[in-house]
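Q: This is target00.cif, which holds mmCIF, C-alpha atoms and all ligand atoms:
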```
data_upload
#
loop_
_atom_site.label_atom_id
_atom_site.label_comp_id
_atom_site.auth_asym_id
_atom_site.auth_seq_id
_atom_site.Cartn_x
_atom_site.Cartn_y
_atom_site.Cartn_z
CA MET A 13 0.00 0.00 0.00
CA HIS A 14 1.39 3.37 -0.98
CA SER A 15 2.10 5.91 1.78
CA HIS A 16 3.75 9.28 2.05
CA GLY A 17 5.00 11.31 4.97
CA TYR A 18 8.21 12.69 6.44
CA ALA A 19 11.29 10.62 7.31
CA ALA A 20 14.78 10.93 8.72
CA LEU A 21 17.15 9.40 6.17
CA SER A 22 20.08 9.48 8.61
CA LYS A 23 20.81 10.51 12.18
CA SER A 24 22.30 13.82 11.10
CA THR A 25 19.80 15.04 8.50
CA PRO A 26 16.52 16.89 9.12
CA LEU A 27 13.23 15.14 8.40
CA GLU A 28 12.13 15.45 4.77
CA PRO A 29 9.26 14.36 2.50
CA PHE A 30 9.33 10.60 1.87
CA GLN A 31 7.31 8.08 -0.20
CA PHE A 32 7.16 4.43 0.83
CA GLU A 33 5.16 1.20 0.69
CA ARG A 34 3.37 -0.51 3.57
CA ARG A 35 2.21 -4.13 3.55
CA GLU A 36 -1.14 -4.88 1.92
CA PRO A 37 -3.82 -5.26 4.63
CA GLY A 38 -4.53 -8.88 5.63
CA PRO A 39 -7.71 -10.48 7.07
CA THR A 40 -7.15 -9.17 10.65
CA ASP A 41 -5.76 -5.77 9.62
CA ILE A 42 -7.36 -2.36 9.47
CA VAL A 43 -6.25 0.64 7.44
CA ILE A 44 -6.32 4.01 9.20
CA ALA A 45 -6.29 7.36 7.38
CA ILE A 46 -4.14 9.29 9.84
CA LYS A 47 -5.62 12.66 10.88
CA PHE A 48 -3.16 13.66 13.62
CA CYS A 49 0.10 12.39 15.10
CA GLY A 50 1.79 13.61 18.29
CA VAL A 51 5.49 14.47 18.48
CA CYS A 52 7.18 12.53 21.31
CA HIS A 53 10.69 13.23 22.56
CA SER A 54 11.36 9.54 21.77
CA ASP A 55 10.92 10.44 18.08
CA ILE A 56 13.82 12.86 18.47
CA HIS A 57 16.02 10.44 20.45
CA GLN A 58 15.52 7.79 17.75
CA THR A 59 15.80 9.91 14.59
CA ARG A 60 19.08 11.26 16.03
CA ASP A 61 20.16 7.74 17.07
CA GLU A 62 20.72 8.87 20.67
CA TRP A 63 19.88 5.38 22.01
CA GLY A 64 21.93 3.53 19.37
CA GLY A 65 20.80 0.99 16.75
CA SER A 66 18.40 3.28 14.87
CA LEU A 67 17.11 1.93 11.54
CA PHE A 68 16.89 4.30 8.55
CA PRO A 69 15.00 5.54 6.64
CA MET A 70 12.73 6.26 9.63
CA VAL A 71 9.21 7.68 9.53
CA PRO A 72 8.68 8.44 13.24
CA GLY A 73 5.40 8.84 15.10
CA HIS A 74 3.63 6.68 17.67
CA GLU A 75 0.77 8.88 18.82
CA ILE A 76 -1.50 8.14 15.89
CA VAL A 77 -5.21 8.87 15.54
CA GLY A 78 -7.44 8.72 12.50
CA GLU A 79 -10.36 7.12 10.75
CA VAL A 80 -10.69 3.51 9.63
CA THR A 81 -10.91 3.32 5.84
CA ALA A 82 -10.77 -0.47 5.29
CA VAL A 83 -11.09 -3.63 7.40
CA GLY A 84 -10.01 -7.22 6.70
CA ASN A 85 -12.70 -9.91 6.51
CA GLN A 86 -11.89 -11.26 10.00
CA VAL A 87 -11.90 -7.88 11.77
CA THR A 88 -14.50 -7.64 14.56
CA LYS A 89 -13.49 -4.60 16.63
CA PHE A 90 -13.71 -1.90 13.93
CA LYS A 91 -15.80 -0.92 10.94
CA VAL A 92 -15.12 1.60 8.19
CA GLY A 93 -15.66 5.13 9.51
CA ASP A 94 -14.71 4.36 13.12
CA LEU A 95 -12.05 6.37 14.92
CA ALA A 96 -8.92 4.37 15.78
CA GLY A 97 -5.57 4.98 17.45
CA VAL A 98 -2.12 3.37 17.38
CA GLY A 99 0.53 3.81 20.06
CA CYS A 100 4.11 2.61 20.43
CA MET A 101 3.58 -1.05 19.43
CA VAL A 102 2.00 -2.71 16.39
CA ASP A 103 2.55 -6.43 17.13
CA SER A 104 3.89 -9.07 19.53
CA CYS A 105 3.94 -12.88 19.64
CA GLY A 106 0.62 -13.02 21.50
CA HIS A 107 1.35 -16.26 23.38
CA CYS A 108 4.29 -15.78 25.77
CA VAL A 109 3.83 -15.31 29.51
CA ASN A 110 4.17 -11.51 29.26
CA CYS A 111 1.74 -11.17 26.33
CA ASP A 112 -0.69 -13.38 28.30
CA ALA A 113 -0.29 -11.00 31.24
CA GLY A 114 -1.29 -8.06 29.02
CA GLU A 115 2.25 -6.66 28.92
CA GLU A 116 2.96 -6.96 25.20
CA GLN A 117 5.72 -4.36 25.62
CA PHE A 118 7.74 -7.11 27.34
CA CYS A 119 6.95 -9.84 24.78
CA GLN A 120 9.60 -12.55 25.22
CA ASN A 121 9.77 -13.02 21.47
CA GLY A 122 10.12 -9.31 20.79
CA MET A 123 7.29 -6.86 20.27
CA VAL A 124 7.20 -4.86 17.06
CA LEU A 125 7.50 -1.14 17.70
CA THR A 126 5.46 1.20 15.52
CA TYR A 127 8.64 2.44 13.80
CA ASN A 128 12.41 1.89 14.09
CA SER A 129 11.58 -1.83 14.21
CA LYS A 130 11.09 -4.85 11.94
CA ASP A 131 7.87 -6.85 11.65
CA LYS A 132 7.61 -10.66 11.86
CA GLN A 133 8.53 -10.87 8.16
CA GLY A 134 11.70 -8.85 8.78
CA GLU A 135 10.40 -5.76 6.99
CA LEU A 136 11.09 -2.30 8.39
CA VAL A 137 7.89 -0.73 9.75
CA GLN A 138 7.14 2.99 9.59
CA GLY A 139 5.27 5.30 11.94
CA GLY A 140 2.64 7.96 11.98
CA TYR A 141 4.20 11.04 10.39
CA SER A 142 2.34 9.85 7.30
CA ASN A 143 -1.05 9.72 5.63
CA ASN A 144 -2.02 6.13 6.52
CA ILE A 145 -1.10 2.97 8.44
CA VAL A 146 -1.93 -0.75 8.27
CA VAL A 147 -2.20 -2.43 11.66
CA THR A 148 -3.58 -5.64 13.08
CA GLU A 149 -6.81 -4.80 14.93
CA ALA A 150 -5.41 -6.32 18.14
CA PHE A 151 -2.96 -3.38 18.40
CA ALA A 152 -5.44 -0.66 17.40
CA LEU A 153 -7.30 1.27 20.09
CA LYS A 154 -10.90 2.45 20.20
CA LEU A 155 -11.28 6.23 20.59
CA SER A 156 -14.15 8.28 21.96
CA SER A 157 -15.73 10.85 19.64
CA LYS A 158 -16.48 12.93 22.78
CA LEU A 159 -12.84 14.10 23.01
CA ASP A 160 -11.03 16.49 20.68
CA LEU A 161 -9.29 14.15 18.24
CA ALA A 162 -6.02 16.11 17.84
CA ALA A 163 -5.65 16.45 21.62
CA THR A 164 -6.36 12.71 22.01
CA ALA A 165 -3.29 11.72 19.93
CA PRO A 166 -0.72 12.24 22.75
CA LEU A 167 -2.67 9.88 25.00
CA LEU A 168 -1.37 6.98 22.85
CA CYS A 169 2.15 7.41 24.28
CA ALA A 170 2.44 10.28 26.77
CA GLY A 171 -0.92 9.27 28.25
CA ILE A 172 -0.33 5.57 28.80
CA THR A 173 3.32 6.06 29.83
CA THR A 174 2.26 8.22 32.78
CA TYR A 175 -1.11 6.60 33.60
CA SER A 176 0.45 3.13 33.98
CA PRO A 177 3.11 3.93 36.66
CA ILE A 178 0.76 6.26 38.57
CA LYS A 179 -1.79 3.45 38.73
CA ALA A 180 0.87 0.85 39.57
CA ALA A 181 2.03 3.02 42.48
CA GLY A 182 -1.52 3.01 43.85
CA VAL A 183 -1.74 6.80 43.88
CA LYS A 184 -4.82 7.86 45.82
CA PRO A 185 -6.42 10.85 47.59
CA GLY A 186 -4.37 12.20 50.46
CA GLN A 187 -1.03 11.17 48.98
CA LYS A 188 1.68 13.61 48.00
CA VAL A 189 2.93 13.05 44.45
CA GLY A 190 5.71 14.80 42.54
CA VAL A 191 6.11 15.06 38.78
CA VAL A 192 9.56 15.98 37.49
CA GLY A 193 9.69 17.83 34.14
CA LEU A 194 6.75 19.64 32.57
CA GLY A 195 6.83 18.47 28.97
CA GLY A 196 4.63 16.06 27.00
CA LEU A 197 4.78 13.20 29.52
CA GLY A 198 5.02 15.48 32.56
CA HIS A 199 1.84 17.42 31.84
CA MET A 200 -0.10 14.17 31.39
CA GLY A 201 1.38 12.76 34.62
CA LEU A 202 0.29 15.92 36.37
CA LYS A 203 -3.25 15.60 35.02
CA PHE A 204 -3.56 11.92 36.00
CA ALA A 205 -2.08 12.31 39.50
CA HIS A 206 -4.44 15.25 40.11
CA SER A 207 -7.38 13.29 38.73
CA PHE A 208 -6.56 10.35 41.05
CA GLY A 209 -6.96 12.76 43.96
CA ALA A 210 -3.34 13.25 45.01
CA LYS A 211 -1.80 16.50 46.15
CA VAL A 212 0.60 17.17 43.27
CA THR A 213 3.85 19.09 43.16
CA GLN A 214 5.27 19.92 39.75
CA PHE A 215 9.06 20.16 39.61
CA THR A 216 10.39 22.23 36.75
CA THR A 217 13.58 23.89 35.57
CA SER A 218 11.48 26.49 33.70
CA LEU A 219 10.10 29.20 35.97
CA ASN A 220 7.89 30.47 33.12
CA LYS A 221 5.81 27.25 33.31
CA LYS A 222 4.58 27.91 36.86
CA GLU A 223 1.16 29.40 36.00
CA ASP A 224 0.53 26.64 33.46
CA ALA A 225 1.40 23.94 35.99
CA LEU A 226 -1.12 25.36 38.46
CA ARG A 227 -3.77 25.54 35.72
CA LEU A 228 -3.01 21.92 34.71
CA GLY A 229 -3.71 20.69 38.26
CA ALA A 230 -0.59 21.23 40.37
CA ASP A 231 -1.14 22.21 44.00
CA GLU A 232 2.40 23.53 44.18
CA VAL A 233 5.29 24.23 41.81
CA ILE A 234 8.93 23.91 42.85
CA LEU A 235 11.77 25.25 40.79
CA SER A 236 14.28 22.42 41.06
CA LYS A 237 17.18 24.91 40.81
CA ASP A 238 16.03 26.53 44.08
CA PRO A 239 18.01 24.74 46.85
CA ALA A 240 15.93 26.22 49.69
CA ALA A 241 12.62 25.08 48.19
CA MET A 242 14.07 21.61 47.51
CA ALA A 243 15.41 21.31 51.07
CA ALA A 244 12.05 22.34 52.53
CA ALA A 245 10.35 19.46 50.65
CA ALA A 246 12.76 16.73 51.85
CA GLY A 247 11.18 13.48 53.06
CA THR A 248 7.56 14.42 52.23
CA PHE A 249 6.59 12.55 49.03
CA ASP A 250 4.84 9.19 48.65
CA PHE A 251 5.58 8.91 44.94
CA ILE A 252 7.61 10.80 42.32
CA LEU A 253 7.38 10.34 38.56
CA ASP A 254 10.51 11.42 36.64
CA THR A 255 9.82 12.35 32.99
CA VAL A 256 13.08 14.19 32.25
CA SER A 257 14.61 13.53 28.82
CA ALA A 258 18.22 14.57 29.61
CA PRO A 259 20.74 13.40 32.24
CA HIS A 260 20.06 15.03 35.64
CA ASP A 261 20.73 14.67 39.35
CA MET A 262 18.24 12.07 40.66
CA ASP A 263 19.51 12.16 44.26
CA GLN A 264 18.06 15.62 44.76
CA TYR A 265 14.58 14.23 44.00
CA LEU A 266 15.03 10.83 45.68
CA SER A 267 15.79 12.58 48.95
CA LEU A 268 12.32 14.14 48.80
CA LEU A 269 10.64 10.74 49.27
CA LYS A 270 9.19 9.66 52.62
CA PRO A 271 10.43 6.36 54.07
CA HIS A 272 9.20 3.55 51.74
CA GLY A 273 8.43 6.11 49.04
CA ARG A 274 8.67 5.15 45.38
CA TYR A 275 10.42 6.89 42.50
CA THR A 276 9.65 5.82 38.94
CA ILE A 277 11.64 6.87 35.89
CA VAL A 278 9.92 7.07 32.52
CA GLY A 279 12.32 9.48 30.81
CA VAL A 280 15.15 7.92 28.78
CA PRO A 281 18.20 10.20 28.78
CA GLU A 282 20.86 9.11 26.31
CA LYS A 283 23.50 8.59 29.03
CA PRO A 284 23.37 6.50 32.25
CA MET A 285 22.69 8.34 35.52
CA SER A 286 24.11 7.57 38.94
CA VAL A 287 22.41 7.32 42.34
CA ALA A 288 24.01 7.37 45.78
CA ALA A 289 23.17 4.15 47.66
CA PHE A 290 22.66 6.15 50.87
CA THR A 291 19.81 8.14 49.31
CA LEU A 292 17.93 4.86 48.79
CA ILE A 293 18.83 2.95 51.96
CA MET A 294 18.10 5.84 54.31
CA GLY A 295 14.33 5.48 54.15
CA ASN A 296 13.99 2.13 52.34
CA ARG A 297 13.16 4.05 49.19
CA SER A 298 12.46 2.28 45.88
CA LEU A 299 13.72 3.29 42.48
CA SER A 300 11.91 1.77 39.47
CA GLY A 301 11.23 2.24 35.79
CA SER A 302 8.17 1.91 33.58
CA ALA A 303 7.75 1.35 29.83
CA ILE A 304 4.54 2.52 28.12
CA GLY A 305 1.72 0.07 29.03
CA GLY A 306 0.00 -2.97 27.52
CA ILE A 307 -2.82 -2.74 25.00
CA ALA A 308 -5.60 -3.53 27.50
CA GLU A 309 -4.30 -0.90 29.91
CA THR A 310 -3.97 1.62 27.06
CA GLN A 311 -7.66 1.06 26.24
CA GLU A 312 -8.51 1.41 29.95
CA MET A 313 -6.59 4.74 30.03
CA LEU A 314 -8.39 6.01 26.90
CA ASP A 315 -11.77 5.08 28.41
CA TYR A 316 -10.77 6.79 31.68
CA CYS A 317 -9.85 9.94 29.73
CA ALA A 318 -13.17 9.92 27.87
CA GLU A 319 -15.04 9.55 31.17
CA HIS A 320 -13.05 12.29 32.93
CA ASN A 321 -12.62 14.58 29.93
CA ILE A 322 -8.82 14.39 29.97
CA VAL A 323 -6.79 15.25 26.85
CA SER A 324 -3.38 16.73 26.14
CA ASP A 325 -2.68 20.47 25.86
CA ILE A 326 -1.40 20.76 22.32
CA GLU A 327 0.08 23.05 19.72
CA LEU A 328 -1.08 21.96 16.29
CA ILE A 329 1.55 22.22 13.54
CA PRO A 330 1.73 21.44 9.83
CA MET A 331 4.22 18.68 8.92
CA GLN A 332 6.42 21.32 7.29
CA LYS A 333 7.21 22.70 10.79
CA ILE A 334 8.46 19.38 12.17
CA ASN A 335 12.17 20.21 12.32
CA GLU A 336 11.44 23.52 14.03
CA SER A 337 9.26 21.72 16.58
CA TYR A 338 12.11 19.28 17.36
CA THR A 339 14.40 22.21 18.20
CA ARG A 340 11.74 23.64 20.50
CA VAL A 341 11.13 20.30 22.27
CA VAL A 342 14.87 19.88 22.92
CA ASN A 343 14.91 23.42 24.37
CA SER A 344 12.01 22.50 26.76
CA ASP A 345 9.85 24.97 24.81
CA VAL A 346 6.73 22.89 24.20
CA LYS A 347 3.26 23.62 25.60
CA TYR A 348 2.81 20.80 26.05
CA ARG A 349 2.75 18.52 23.04
CA PHE A 350 3.18 19.26 19.36
CA VAL A 351 0.64 17.45 17.21
CA ILE A 352 0.98 17.25 13.43
CA ASP A 353 -2.12 18.03 11.39
CA MET A 354 -1.96 15.46 8.58
CA ASN A 355 -4.11 17.66 6.34
CA SER A 356 -0.84 19.49 5.72
CA ILE A 357 0.44 16.59 3.58
CA ALA A 358 -2.90 15.53 2.07
P1 LIG A 401 9.65 16.64 26.61
O1 LIG A 401 8.30 17.09 26.16
O2 LIG A 401 10.85 17.19 25.98
O3 LIG A 401 9.70 16.88 28.21
C1 LIG A 401 10.86 16.66 28.97
C2 LIG A 401 10.94 17.75 30.06
O4 LIG A 401 12.07 17.44 30.87
C3 LIG A 401 11.21 19.14 29.56
O5 LIG A 401 10.07 19.83 29.15
C4 LIG A 401 11.84 19.80 30.78
O6 LIG A 401 10.83 20.18 31.70
C5 LIG A 401 12.60 18.66 31.41
N1 LIG A 401 14.04 18.71 31.05
C6 LIG A 401 14.59 18.66 29.83
N2 LIG A 401 15.92 18.73 29.90
C7 LIG A 401 16.21 18.81 31.22
C8 LIG A 401 17.43 18.87 31.95
N3 LIG A 401 18.62 18.89 31.32
N4 LIG A 401 17.36 18.91 33.30
C9 LIG A 401 16.18 18.90 33.93
N5 LIG A 401 14.99 18.84 33.29
C10 LIG A 401 15.02 18.80 31.95
O7 LIG A 401 9.77 15.05 26.45
P2 LIG A 401 8.63 13.92 26.54
O8 LIG A 401 8.11 13.65 25.18
O9 LIG A 401 7.73 14.23 27.65
O10 LIG A 401 9.55 12.65 26.90
C11 LIG A 401 10.28 12.63 28.11
C12 LIG A 401 11.21 11.44 28.13
O11 LIG A 401 10.44 10.25 28.27
C13 LIG A 401 12.04 11.25 26.87
O12 LIG A 401 13.34 10.82 27.24
C14 LIG A 401 11.30 10.16 26.14
O13 LIG A 401 12.13 9.41 25.27
C15 LIG A 401 10.84 9.31 27.29
N6 LIG A 401 9.72 8.41 27.00
C16 LIG A 401 9.68 7.24 27.68
C17 LIG A 401 8.62 6.38 27.51
C18 LIG A 401 8.54 5.11 28.30
O14 LIG A 401 7.87 4.17 27.89
N7 LIG A 401 9.19 5.03 29.45
C19 LIG A 401 7.60 6.69 26.62
C20 LIG A 401 7.66 7.92 25.96
C21 LIG A 401 8.71 8.78 26.16
P3 LIG A 401 10.93 21.54 32.55
O15 LIG A 401 11.03 22.65 31.55
O16 LIG A 401 9.65 21.55 33.31
O17 LIG A 401 12.12 21.42 33.43
ZN ZN A 402 6.45 8.39 22.87
#
```
Take the structure in the file and give it back as structure tokens.
A:
Amino acid sequence: MHSHGYAALSKSTPLEPFQFERREPGPTDIVIAIKFCGVCHSDIHQTRDEWGGSLFPMVPGHEIVGEVTAVGNQVTKFKVGDLAGVGCMVDSCGHCVNCDAGEEQFCQNGMVLTYNSKDKQGELVQGGYSNNIVVTEAFALKLSSKLDLAATAPLLCAGITTYSPIKAAGVKPGQKVGVVGLGGLGHMGLKFAHSFGAKVTQFTTSLNKKEDALRLGADEVILSKDPAAMAAAAGTFDFILDTVSAPHDMDQYLSLLKPHGRYTIVGVPEKPMSVAAFTLIMGNRSLSGSAIGGIAETQEMLDYCAEHNIVSDIELIPMQKINESYTRVVNSDVKYRFVIDMNSIA
């Protein structure tokens, strides 16, 4: 099937217009005409090969929403005209212990990422900065028409990546939760923690984001470069979610946890970060990580968002502005997710 979009042809070249072929849809596949696609910092890490092993040419994009234009003859979940979404994964083995547990992202036989990955036939797959996608219905998500469609796109990655660890930590009313970094993931983490009833502190390096953080649901904003404010918060947090995309000092946040408090990293800086053992042992604190979320939990998150009217705060851009938007994301100048309007390449 013919597709067109924007791709990185190498780690050192800007994204540019690109034509390519996708597989022909099979009996359990659907075809989605992509309307909007979010811009995740992971797209930037991967197009610039900051994690190593990037596969080119690369059409990024894993916050995909659109309309179903064709369905295979065994498809049961979707019909032509339905809204559908695709997140970070498009396939997995479907029968290992982790797939059975609903954690396809940990498939023992290797899940297929939406882009920068090869499918079961060994063919390079391409993401959502494009006009269409073919995907097995098992990895496509149902979307509510009640929510703004463009602002729904970031839920497919930023949404599930923050919802999953906040739920896993058992965040509930009365607890004190911190979110580190107010970008695409951070602003969704803030919204979910607030919605789960916690008292939320937003940590930021950008003083100019304070008013926005309060509007988005923060009870308090702490500038992490302010040593006095950081010291005053020591030992008071039940849970902290770290969404920072660049290497940073984790000890300064870990020391804010109460005894038995939990710290979960979702950001993926390109270099390893160190932690002082004393910061963890003094207080029996836990340090953990979290990768996106399984398909069933992603659907649960989307349904939760439809019920509670939660979407992303977005800046809609034409595809032609993609390289400019990357520069702004890297400079922490995004409020709070860029979303590409696919009409711009129609
Ligand atoms: P983003 O929009 O760029 O947000 C990152 C935020 O981190 C920035 O807005 C900034 O917030 C803060 N920050 C940036 N550089 C910093 C530095 N040097 N020191 C301290 N704070 C800094 O990125 P995103 O799309 O939310 O993604 C965040 C990270 O999560 C990326 O590494 C991405 O690859 C990763 N990710 C992981 C998963 C997963 O499954 N675990 C899924 C998606 C993305 P302030 O201005 O408020 O300080
Ligand atoms: Zn992402």
Q: Find the nearest atom pair between each residue of chain A and ligand ZN 402 (chain A) for residues within 9 Å, count all atoms listed in the file, give distances in Å to one decimal, sort rows by chain and ascending number, and present the table as JSON lines.
A:
```
{"residue": "A:Gly50", "atom": "CA", "partner": "A:ZN402", "partner_atom": "ZN", "distance": 8.4}
{"residue": "A:Val51", "atom": "CA", "partner": "A:ZN402", "partner_atom": "ZN", "distance": 7.6}
{"residue": "A:Cys52", "atom": "CA", "partner": "A:ZN402", "partner_atom": "ZN", "distance": 4.5}
{"residue": "A:His53", "atom": "CA", "partner": "A:ZN402", "partner_atom": "ZN", "distance": 6.4}
{"residue": "A:Ser54", "atom": "CA", "partner": "A:ZN402", "partner_atom": "ZN", "distance": 5.2}
{"residue": "A:Asp55", "atom": "CA", "partner": "A:ZN402", "partner_atom": "ZN", "distance": 6.9}
{"residue": "A:Gly73", "atom": "CA", "partner": "A:ZN402", "partner_atom": "ZN", "distance": 7.9}
{"residue": "A:His74", "atom": "CA", "partner": "A:ZN402", "partner_atom": "ZN", "distance": 6.2}
{"residue": "A:Glu75", "atom": "CA", "partner": "A:ZN402", "partner_atom": "ZN", "distance": 7.0}
{"residue": "A:Gly99", "atom": "CA", "partner": "A:ZN402", "partner_atom": "ZN", "distance": 8.0}
{"residue": "A:Cys100", "atom": "CA", "partner": "A:ZN402", "partner_atom": "ZN", "distance": 6.7}
{"residue": "A:Pro166", "atom": "CA", "partner": "A:ZN402", "partner_atom": "ZN", "distance": 8.1}
{"residue": "A:Leu168", "atom": "CA", "partner": "A:ZN402", "partner_atom": "ZN", "distance": 7.9}
{"residue": "A:Cys169", "atom": "CA", "partner": "A:ZN402", "partner_atom": "ZN", "distance": 4.6}
{"residue": "A:Ala170", "atom": "CA", "partner": "A:ZN402", "partner_atom": "ZN", "distance": 5.9}
{"residue": "A:Thr173", "atom": "CA", "partner": "A:ZN402", "partner_atom": "ZN", "distance": 8.0}
{"residue": "A:Gly196", "atom": "CA", "partner": "A:ZN402", "partner_atom": "ZN", "distance": 8.9}
{"residue": "A:Leu197", "atom": "CA", "partner": "A:ZN402", "partner_atom": "ZN", "distance": 8.4}
{"residue": "A:Ile304", "atom": "CA", "partner": "A:ZN402", "partner_atom": "ZN", "distance": 8.1}
```
Q: Given a cut-off of 7 Å, what residues near ligand LIG 401 (chain A) show up using all atoms listed in the file, put as a count of residues only?
A: 39
Q: In terms of the shortest atom-to-atom distance over all atoms listed in the file, which of A:Ser356, A:Asn321, A:Thr276, A:Thr126 is closest to Pro72 (chain A)?
A: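 Selected residue with least distance to Pro72 (chain A): A:Thr126.
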Q: Which residues of region 49-71 of chain A sit at most 7 Å from region 128-150 of chain A, using all atoms listed in the file? Give each one's shortest atom pair and distance in Å (one decimal place), in chain and ascending residue order, as a Markdown table.
A:
```
| residue | atom | partner | partner_atom | distance |
| --- | --- | --- | --- | --- |
| A:Cys49 | CA | A:Gly140 | CA | 6.0 |
| A:Ser66 | CA | A:Asn128 | CA | 6.2 |
| A:Leu67 | CA | A:Asn128 | CA | 5.3 |
| A:Met70 | CA | A:Asn128 | CA | 6.3 |
| A:Val71 | CA | A:Gln138 | CA | 5.1 |
```
Q: At what distance in Å, to one decimal, does CA of Tyr338 (chain A) lie from CA of Ala19 (chain A)?
A: 13.3 Å
Q: In Å, how far is it from CA of Met354 (chain A) to CA of Pro29 (chain A)?
A: 12.8 Å
Q: Write out as a short mmCIF file (atom, residue, chain, number, x, y, z; two decimals) with C-alpha atoms, keeping the file's coordinate frame the residues lying within 9 Å of Gly114 (chain A), counting all atoms listed in the file and excluding same-chain residues fewer than 4 positions away.
A:
```cif
data_model
loop_
_atom_site.label_atom_id
_atom_site.label_comp_id
_atom_site.auth_asym_id
_atom_site.auth_seq_id
_atom_site.Cartn_x
_atom_site.Cartn_y
_atom_site.Cartn_z
CA VAL A 109 3.83 -15.31 29.51
CA ASN A 110 4.17 -11.51 29.26
CA GLY A 305 1.72 0.07 29.03
CA GLY A 306 0.00 -2.97 27.52
CA ILE A 307 -2.82 -2.74 25.00
CA ALA A 308 -5.60 -3.53 27.50
CA GLU A 309 -4.30 -0.90 29.91
#
```
